[in-house]
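Okay, structure-v1.pdb now, which holds PDB, C-alpha atoms:
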ATOM      1  CA  MET A   1     104.341 120.214  85.021  1.00  0.00           C
ATOM      2  CA  TYR A   2     108.017 120.070  86.069  1.00  0.00           C
ATOM      3  CA  ASN A   3     108.438 117.033  83.838  1.00  0.00           C
ATOM      4  CA  HIS A   4     107.032 118.941  80.892  1.00  0.00           C
ATOM      5  CA  ILE A   5     108.793 122.284  81.493  1.00  0.00           C
ATOM      6  CA  TYR A   6     112.168 121.234  82.908  1.00  0.00           C
ATOM      7  CA  GLY A   7     112.553 117.684  81.650  1.00  0.00           C
ATOM      8  CA  LEU A   8     112.669 116.214  85.157  1.00  0.00           C
ATOM      9  CA  SER A   9     111.438 112.680  85.595  1.00  0.00           C
ATOM     10  CA  LEU A  10     109.598 112.682  88.921  1.00  0.00           C
ATOM     11  CA  THR A  11     107.755 110.111  90.987  1.00  0.00           C
ATOM     12  CA  GLY A  12     105.297 111.221  93.664  1.00  0.00           C
ATOM     13  CA  MET A  13     104.362 108.828  96.443  1.00  0.00           C
ATOM     14  CA  ARG A  14     101.559 108.983  99.025  1.00  0.00           C
ATOM     15  CA  PHE A  15     102.032 106.904 102.158  1.00  0.00           C
ATOM     16  CA  LEU A  16      98.954 105.844 104.135  1.00  0.00           C
ATOM     17  CA  THR A  17      99.245 105.685 107.917  1.00  0.00           C
ATOM     18  CA  VAL A  18     102.853 104.557 108.225  1.00  0.00           C
ATOM     19  CA  TYR A  19     103.599 102.770 111.500  1.00  0.00           C
ATOM     20  CA  GLY A  20     106.448 100.892 113.121  1.00  0.00           C
ATOM     21  CA  PRO A  21     109.673 101.548 115.018  1.00  0.00           C
ATOM     22  CA  TRP A  22     110.864 105.180 115.107  1.00  0.00           C
ATOM     23  CA  GLY A  23     107.458 106.311 113.865  1.00  0.00           C
ATOM     24  CA  ARG A  24     105.519 109.429 114.763  1.00  0.00           C
ATOM     25  CA  PRO A  25     104.487 109.474 118.445  1.00  0.00           C
ATOM     26  CA  ASP A  26     101.188 111.172 117.544  1.00  0.00           C
ATOM     27  CA  MET A  27      99.990 108.101 115.617  1.00  0.00           C
ATOM     28  CA  ALA A  28      97.597 105.461 116.952  1.00  0.00           C
ATOM     29  CA  ASP A  29     100.186 102.717 117.483  1.00  0.00           C
ATOM     30  CA  PHE A  30     102.162 104.983 119.821  1.00  0.00           C
ATOM     31  CA  PHE A  31      99.366 106.543 121.829  1.00  0.00           C
ATOM     32  CA  PHE A  32      97.343 103.316 122.061  1.00  0.00           C
ATOM     33  CA  THR A  33     100.400 101.477 123.413  1.00  0.00           C
ATOM     34  CA  LYS A  34     101.205 104.279 125.857  1.00  0.00           C
ATOM     35  CA  ASP A  35      97.623 104.482 127.154  1.00  0.00           C
ATOM     36  CA  ILE A  36      97.178 100.699 127.382  1.00  0.00           C
ATOM     37  CA  LEU A  37     100.348 100.390 129.439  1.00  0.00           C
ATOM     38  CA  LYS A  38      99.125 103.193 131.718  1.00  0.00           C
ATOM     39  CA  ARG A  39      95.767 101.393 131.938  1.00  0.00           C
ATOM     40  CA  LYS A  40      93.992 104.416 130.418  1.00  0.00           C
ATOM     41  CA  PRO A  41      91.102 104.032 127.973  1.00  0.00           C
ATOM     42  CA  ILE A  42      91.979 104.307 124.286  1.00  0.00           C
ATOM     43  CA  PRO A  43      89.748 106.436 122.029  1.00  0.00           C
ATOM     44  CA  ILE A  44      87.713 104.476 119.491  1.00  0.00           C
ATOM     45  CA  PHE A  45      86.176 106.873 116.973  1.00  0.00           C
ATOM     46  CA  GLU A  46      82.940 106.251 115.135  1.00  0.00           C
ATOM     47  CA  SER A  47      81.188 108.334 112.511  1.00  0.00           C
ATOM     48  CA  GLY A  48      77.946 110.195 113.163  1.00  0.00           C
ATOM     49  CA  ASN A  49      75.886 107.192 112.031  1.00  0.00           C
ATOM     50  CA  HIS A  50      77.748 104.847 114.446  1.00  0.00           C
ATOM     51  CA  TRP A  51      79.887 103.288 111.722  1.00  0.00           C
ATOM     52  CA  THR A  52      83.335 102.063 112.646  1.00  0.00           C
ATOM     53  CA  ILE A  53      86.243 104.094 111.289  1.00  0.00           C
ATOM     54  CA  ALA A  54      88.758 102.186 109.101  1.00  0.00           C
ATOM     55  CA  ARG A  55      92.270 102.980 107.877  1.00  0.00           C
ATOM     56  CA  ASP A  56      94.852 101.380 105.636  1.00  0.00           C
ATOM     57  CA  PHE A  57      98.183 100.980 107.416  1.00  0.00           C
ATOM     58  CA  THR A  58     101.652 100.648 105.909  1.00  0.00           C
ATOM     59  CA  TYR A  59     104.479  99.133 107.937  1.00  0.00           C
ATOM     60  CA  ILE A  60     107.688 101.169 107.622  1.00  0.00           C
ATOM     61  CA  ASP A  61     109.551  98.325 105.868  1.00  0.00           C
ATOM     62  CA  GLY A  62     106.971  98.481 103.072  1.00  0.00           C
ATOM     63  CA  VAL A  63     107.529 102.219 102.643  1.00  0.00           C
ATOM     64  CA  VAL A  64     111.295 101.704 102.417  1.00  0.00           C
ATOM     65  CA  LYS A  65     110.921  98.891  99.845  1.00  0.00           C
ATOM     66  CA  GLY A  66     108.449 100.986  97.852  1.00  0.00           C
ATOM     67  CA  CYS A  67     110.841 103.955  97.779  1.00  0.00           C
ATOM     68  CA  LEU A  68     113.745 101.765  96.738  1.00  0.00           C
ATOM     69  CA  GLY A  69     111.609 100.194  94.031  1.00  0.00           C
ATOM     70  CA  ALA A  70     110.627 103.638  92.739  1.00  0.00           C
ATOM     71  CA  LEU A  71     114.279 104.744  92.488  1.00  0.00           C
ATOM     72  CA  ASP A  72     115.052 102.260  89.745  1.00  0.00           C
ATOM     73  CA  THR A  73     112.017 103.070  87.589  1.00  0.00           C
ATOM     74  CA  THR A  74     112.859 106.647  86.620  1.00  0.00           C
ATOM     75  CA  GLU A  75     112.821 107.054  82.882  1.00  0.00           C
ATOM     76  CA  LYS A  76     113.807 109.848  80.535  1.00  0.00           C
ATOM     77  CA  SER A  77     111.272 112.654  80.514  1.00  0.00           C
ATOM     78  CA  THR A  78     108.609 112.289  77.853  1.00  0.00           C
ATOM     79  CA  GLY A  79     107.573 115.930  78.213  1.00  0.00           C
ATOM     80  CA  SER A  80     104.005 115.053  78.836  1.00  0.00           C
ATOM     81  CA  GLY A  81      89.726  95.789 109.867  1.00  0.00           C
ATOM     82  CA  GLY A  82      88.602  92.772 112.090  1.00  0.00           C
ATOM     83  CA  LYS A  83      87.559  92.925 115.753  1.00  0.00           C
ATOM     84  CA  LYS A  84      90.109  92.161 118.491  1.00  0.00           C
ATOM     85  CA  LYS A  85      88.604  89.930 121.192  1.00  0.00           C
ATOM     86  CA  ARG A  86      91.382  89.871 123.790  1.00  0.00           C
ATOM     87  CA  GLY A  87      94.241  91.984 125.065  1.00  0.00           C
ATOM     88  CA  CYS A  88      97.521  92.349 123.240  1.00  0.00           C
ATOM     89  CA  PRO A  89      99.660  89.364 124.289  1.00  0.00           C
ATOM     90  CA  LEU A  90     102.864  91.404 124.157  1.00  0.00           C
ATOM     91  CA  LEU A  91     101.593  94.154 126.452  1.00  0.00           C
ATOM     92  CA  LYS A  92      99.856  91.672 128.793  1.00  0.00           C
ATOM     93  CA  VAL A  93      97.234  94.348 129.482  1.00  0.00           C
ATOM     94  CA  LYS A  94      93.700  94.474 128.118  1.00  0.00           C
ATOM     95  CA  ALA A  95      92.854  97.779 126.396  1.00  0.00           C
ATOM     96  CA  LYS A  96      90.115  99.919 127.921  1.00  0.00           C
ATOM     97  CA  ARG A  97      88.022 101.433 125.132  1.00  0.00           C
ATOM     98  CA  ARG A  98      86.270 104.806 125.018  1.00  0.00           C
ATOM     99  CA  VAL A  99      83.984 105.181 121.973  1.00  0.00           C
ATOM    100  CA  MET A 100      83.860 108.766 120.705  1.00  0.00           C
ATOM    101  CA  LYS A 101      82.331 110.655 117.785  1.00  0.00           C
ATOM    102  CA  LEU A 102      84.697 111.284 114.897  1.00  0.00           C
ATOM    103  CA  PRO A 103      85.757 114.955 115.046  1.00  0.00           C
ATOM    104  CA  ARG A 104      84.353 117.093 112.259  1.00  0.00           C
ATOM    105  CA  ASN A 105      87.781 118.401 111.293  1.00  0.00           C
ATOM    106  CA  GLY A 106      87.857 116.999 107.775  1.00  0.00           C
ATOM    107  CA  ASP A 107      88.839 113.468 108.749  1.00  0.00           C
ATOM    108  CA  VAL A 108      87.207 110.729 106.697  1.00  0.00           C
ATOM    109  CA  PRO A 109      85.636 107.513 107.993  1.00  0.00           C
ATOM    110  CA  PHE A 110      87.567 105.231 105.613  1.00  0.00           C
ATOM    111  CA  THR A 111      90.860 105.229 103.724  1.00  0.00           C
ATOM    112  CA  HIS A 112      91.782 102.577 101.211  1.00  0.00           C
ATOM    113  CA  ALA A 113      94.955 102.546  99.139  1.00  0.00           C
ATOM    114  CA  ASN A 114      94.951 101.479  95.525  1.00  0.00           C
ATOM    115  CA  ILE A 115      98.470 100.096  95.133  1.00  0.00           C
ATOM    116  CA  SER A 116      98.016  98.581  91.670  1.00  0.00           C
ATOM    117  CA  LEU A 117     100.190 101.198  89.935  1.00  0.00           C
ATOM    118  CA  ALA A 118     102.996 100.799  92.507  1.00  0.00           C
ATOM    119  CA  GLN A 119     102.777  97.030  92.074  1.00  0.00           C
ATOM    120  CA  ARG A 120     102.948  97.295  88.297  1.00  0.00           C
ATOM    121  CA  GLU A 121     105.530 100.100  87.979  1.00  0.00           C
ATOM    122  CA  PHE A 122     107.800  99.486  91.001  1.00  0.00           C
ATOM    123  CA  GLY A 123     107.249  95.808  91.764  1.00  0.00           C
ATOM    124  CA  TYR A 124     105.856  96.909  95.154  1.00  0.00           C
ATOM    125  CA  LYS A 125     104.320  94.182  97.269  1.00  0.00           C
ATOM    126  CA  PRO A 126     103.415  94.731 100.930  1.00  0.00           C
ATOM    127  CA  MET A 127     105.192  92.088 102.984  1.00  0.00           C
ATOM    128  CA  THR A 128     103.981  92.844 106.517  1.00  0.00           C
ATOM    129  CA  ASP A 129     100.353  92.376 107.532  1.00  0.00           C
ATOM    130  CA  LEU A 130      98.953  94.626 110.273  1.00  0.00           C
ATOM    131  CA  GLN A 131      99.107  92.015 113.050  1.00  0.00           C
ATOM    132  CA  THR A 132     102.749  91.140 112.311  1.00  0.00           C
ATOM    133  CA  GLY A 133     103.699  94.811 111.987  1.00  0.00           C
ATOM    134  CA  LEU A 134     102.069  95.689 115.308  1.00  0.00           C
ATOM    135  CA  LYS A 135     103.920  92.833 117.016  1.00  0.00           C
ATOM    136  CA  LYS A 136     107.206  94.171 115.621  1.00  0.00           C
ATOM    137  CA  PHE A 137     106.309  97.687 116.744  1.00  0.00           C
ATOM    138  CA  LEU A 138     105.397  96.519 120.271  1.00  0.00           C
ATOM    139  CA  ARG A 139     108.655  94.575 120.642  1.00  0.00           C
ATOM    140  CA  TRP A 140     110.567  97.688 119.600  1.00  0.00           C
ATOM    141  CA  TYR A 141     108.451  99.958 121.856  1.00  0.00           C
ATOM    142  CA  GLU A 142     109.032  97.832 124.949  1.00  0.00           C
ATOM    143  CA  LYS A 143     112.751  97.557 124.170  1.00  0.00           C
ATOM    144  CA  TYR A 144     113.116 101.306 123.573  1.00  0.00           C
ATOM    145  CA  TYR A 145     110.697 102.714 126.169  1.00  0.00           C
ATOM    146  CA  GLY A 146     110.332  99.807 128.562  1.00  0.00           C
ATOM    147  CA  SER A 147     107.029  98.531 129.952  1.00  0.00           C
ATOM    148  CA  GLY A 148     105.785 102.029 130.779  1.00  0.00           C
ATOM    149  CA  LYS A 149     105.919 101.529 134.520  1.00  0.00           C
ATOM    150  CA  LYS A 150     109.059 103.594 135.155  1.00  0.00           C
ATOM    151  CA  SER A 151     108.766 106.612 132.902  1.00  0.00           C
ATOM    152  CA  ASP A 152     106.143 108.893 131.433  1.00  0.00           C
ATOM    153  CA  HIS A 153     106.917 108.818 127.697  1.00  0.00           C
TER     154      HIS A 153
END
Kindly return the structure encoded in the file as structure tokens.
Amino acid sequence: MYNHIYGLSLTGMRFLTVYGPWGRPDMADFFFTKDILKRKPIPIFESGNHWTIARDFTYIDGVVKGCLGALDTTEKSTGSGGKKKRGCPLLKVKAKRRVMKLPRNGDVPFTHANISLAQREFGYKPMTDLQTGLKKFLRWYEKYYGSGKKSDH
């Protein structure tokens, strides 16, 4: 509507579960790491029919590259998951799991991003798979917060 009325060329972007260094501490990568290091069980949610919950994740570097790619595409207005079998090697602690029902607060059992438009229009291509991104996050977490033994973060 703004494009049509005011002649502004706009690009809207929706990021799915961004994770990595300096991320939100209320996201799974943060609270799983914190609880694992404290040897607390981590919550594993399942839907009412015992299905596993799944999410798409985007490593922060991919978000930055996607934003930068989108900056150069503005044109003149036209007017119109796998199962983990062992503990995280970087934490050196095996996660304790606590399976729980998915809260009925509007959360959905699955998210899946269709990135075809971003690939075509911005040249976006995710470069960091989930395992590599989590390793990077854990290295940063331990460097920034330590091993979790000294402080309650």
inquiry  = Just want the 8 Å neighbourhood of Pro109 (chain A), counted on all atoms listed in the file, with same-chain residues fewer than 3 positions away dropped. Output as a ChimeraX atom specification.
reply    = /A:46-47,52-54,102
query = Can you list, as number ranges by chain, the residues that the PyMOL selection byres ((chain A and resi 22) around 10) selects here?
reply = A: 19-21, 23-25, 30, 60, 137, 140-141, 144
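As for CA of Leu130 (chain A) and CA of Tyr59 (chain A), they are spaced 7.5 Å apart.
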request  = Report the distance between CA of Met127 (chain A) and CA of Asp29 (chain A) in Å, rounded to one decimal place.
outcome  = 18.7 Å
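The space between CA of Leu68 (chain A) and CA of Leu10 (chain A) spans 14.1 Å.
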query = Once the PyMOL selection byres ((chain A and resi 128) around 9) has been applied to the shown file, what residues remain in the selection, as a PyMOL selection string?
reply = chain A and resi 58-59+61-62+126-127+129-133
request  = Check which residues satisfy the PyMOL selection byres ((chain A and resi 57) around 6) in the file shown, then give them as number ranges by chain.
outcome  = A: 16-18, 56, 58
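The closest residue to Lys40 (chain A), picked from A:Leu138, A:Met27, A:Val93, A:Lys65 and counting only C-alpha atoms, is A:Val93.
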key: Top pick for closest residue to Arg120 (chain A), considering A:Ala70, A:Ile42, A:Met13, A:Val64 and counting all atoms listed in the file   = A:Ala70
Calculate, to one decimal in Å, the centre and edge lengths of the box along x, y and z of the file that holds all listed atoms of region 35-47 of chain A with 6 Å of margin on each side, and present them as AutoDock Vina command-line options.
--center_x 90.8 --center_y 104.4 --center_z 122.2 --size_x 31.2 --size_y 19.9 --size_z 31.4
Contacts of Asp35 (chain A) at 12 Å (all atoms listed in the file; same-chain gap of 4+ positions) as a list in words = Ala28, Asp29, Phe30, Phe31, Arg39, Lys40, Pro41, Ile42, Pro43, Leu91, Val93, Lys94, Ala95, Lys96, Arg97, Arg98, Ser147, Gly148, Lys149, Asp152 and His153 of chain A
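Near Tyr124 (chain A), within a cut-off of 8 Å and counting only C-alpha atoms, sit the residues Lys65, Gly66, Gly69, Ala118, Gln119, Arg120 and Glu121 of chain A, with same-chain residues fewer than 3 positions away left out.
Nearest-residue note for Thr111 (chain A): choosing from A:His50, A:Lys135, A:Lys38, A:Arg55, the minimum distance belongs to A:Arg55, counting only C-alpha atoms.
For the set A:Asn49, A:Leu134, A:Arg104, A:Leu71, the residue with the smallest atom-to-atom gap to Ser9 (chain A) is A:Leu71, counting all atoms listed in the file.
Checking A:Phe15, A:Val99, A:Leu90, A:Ile5 one by one against Glu142 (chain A), counting all atoms listed in the file, you find the shortest gap at A:Leu90.
Counting all atoms listed in the file, the residue from A:Tyr6, A:Lys34, A:Arg14, A:Lys125 that sits nearest to Ala113 (chain A) is A:Arg14.
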